[in-house]
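Student: Here it is, the structure, as structure tokens.
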Amino acid sequence: MFTWFTSLSYPIQALIATLFTWAITACGAAVVFLFKKVNKTALDAMLGFAAGVMIAATFFSLLSPAIEMAETLQMIPWLVVSLGFLGGGILLYIGDKIFDILTRKCEKKDTEKRSLKRSIMLIASITLHNIPDGLLIM
């Protein structure tokens, strides 16, 4: 099966990989339809598992290659990685403050503002996350 997949053109490989990733994500998200109410302990365990997977993915897919590349380019690896990490955090902080300024005039309730803010920050974070991924694929 691996040889069949590698024999395909790159755009077809990307399409299949994208559809596979989408399908797995949809299956994971569909679990929510099986329960009316989720136990808080189970939710905490699921969030912890997801956080662990994301930390591992971040390290092995981004940080480790960045450290190796910085060493190859004779740069200071910890400085390069730290600047990138802090730059992303600062960018999200700035986005948070800009959103606060833009919603000051909004006449919605505080709970609606927080929900909207959380949604917009999530969308912005995912969008920012996908930009380096797209650049890496190029």
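Ordered as shown in the structure tokens, chains take letters A, B, and onward, while each chain numbers its residues from 1 and ligands are numbered from 1 in the order shown.
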So which bits of stretch 31-113 of chain A end up alpha helix (DSSP H) when you DSSP the backbone, as a PyMOL selection string?
Tutor: chain A and resi 40-58+64-72+77-103+110-113
Student: Using only C-alpha atoms, which protein or nucleic acid residues come within 12 Å of A:Gly84? Drop anything in the same chain fewer than 6 positions from it, and give the result as an MDAnalysis selection string.
Tutor: chainID A and resid 62:63 66:67 77:78 90:91 132
Student: Write the residues of the preceding selection, restricted to C-alpha atoms, as an mmCIF file, in the first residue's frame.
Tutor:
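Final output, saved to result05.cif:
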```cif
data_model
loop_
_atom_site.group_PDB
_atom_site.id
_atom_site.type_symbol
_atom_site.label_atom_id
_atom_site.label_comp_id
_atom_site.auth_asym_id
_atom_site.auth_seq_id
_atom_site.Cartn_x
_atom_site.Cartn_y
_atom_site.Cartn_z
ATOM 1 C CA LEU A 62 8.524 21.786 14.589
ATOM 2 C CA LEU A 63 10.890 22.339 17.504
ATOM 3 C CA ALA A 66 14.161 23.916 14.049
ATOM 4 C CA ILE A 67 16.874 23.067 16.578
ATOM 5 C CA PRO A 77 19.391 26.799 18.703
ATOM 6 C CA TRP A 78 17.716 27.686 22.004
ATOM 7 C CA ILE A 90 3.168 37.906 21.684
ATOM 8 C CA LEU A 91 1.181 37.836 18.459
ATOM 9 C CA PRO A 132 3.916 27.822 8.961
#
```
Student: Would you mind listing what lies within 9 Å of stretch 123-130 of chain A as a VMD selection string, with only C-alpha atoms counted and same-chain residues fewer than 3 positions away left out?
Tutor: chain A and resid 88 92 95 118 to 120 133 to 135
Student: Could you give me, as a count of residues only, the residues within 12 Å of stretch 40-57 of chain A, counting only C-alpha atoms and dropping anything in the same chain fewer than 5 positions from it?
Tutor: 10
Student: Atom CA of A:Leu116 and atom CA of A:Thr103, how far apart in Å?
Tutor: 9.8 Å
Student: For A:Glu68, which of A:Ala14, A:Leu34, A:Leu122, A:Val81 is the closest residue, counting only C-alpha atoms?
Tutor: A:Val81
Student: So what do you get for atom CA of A:Arg104 versus atom CA of A:Lys117, distance-wise?
Tutor: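 One can read the atom CA of A:Arg104 to atom CA of A:Lys117 distance as 11.8 Å.
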Student: Hey, which of A:Met121, A:Gln74, A:Phe60, A:Leu19 ends up closest to A:Ile98? Count only C-alpha atoms.
Tutor: A:Met121
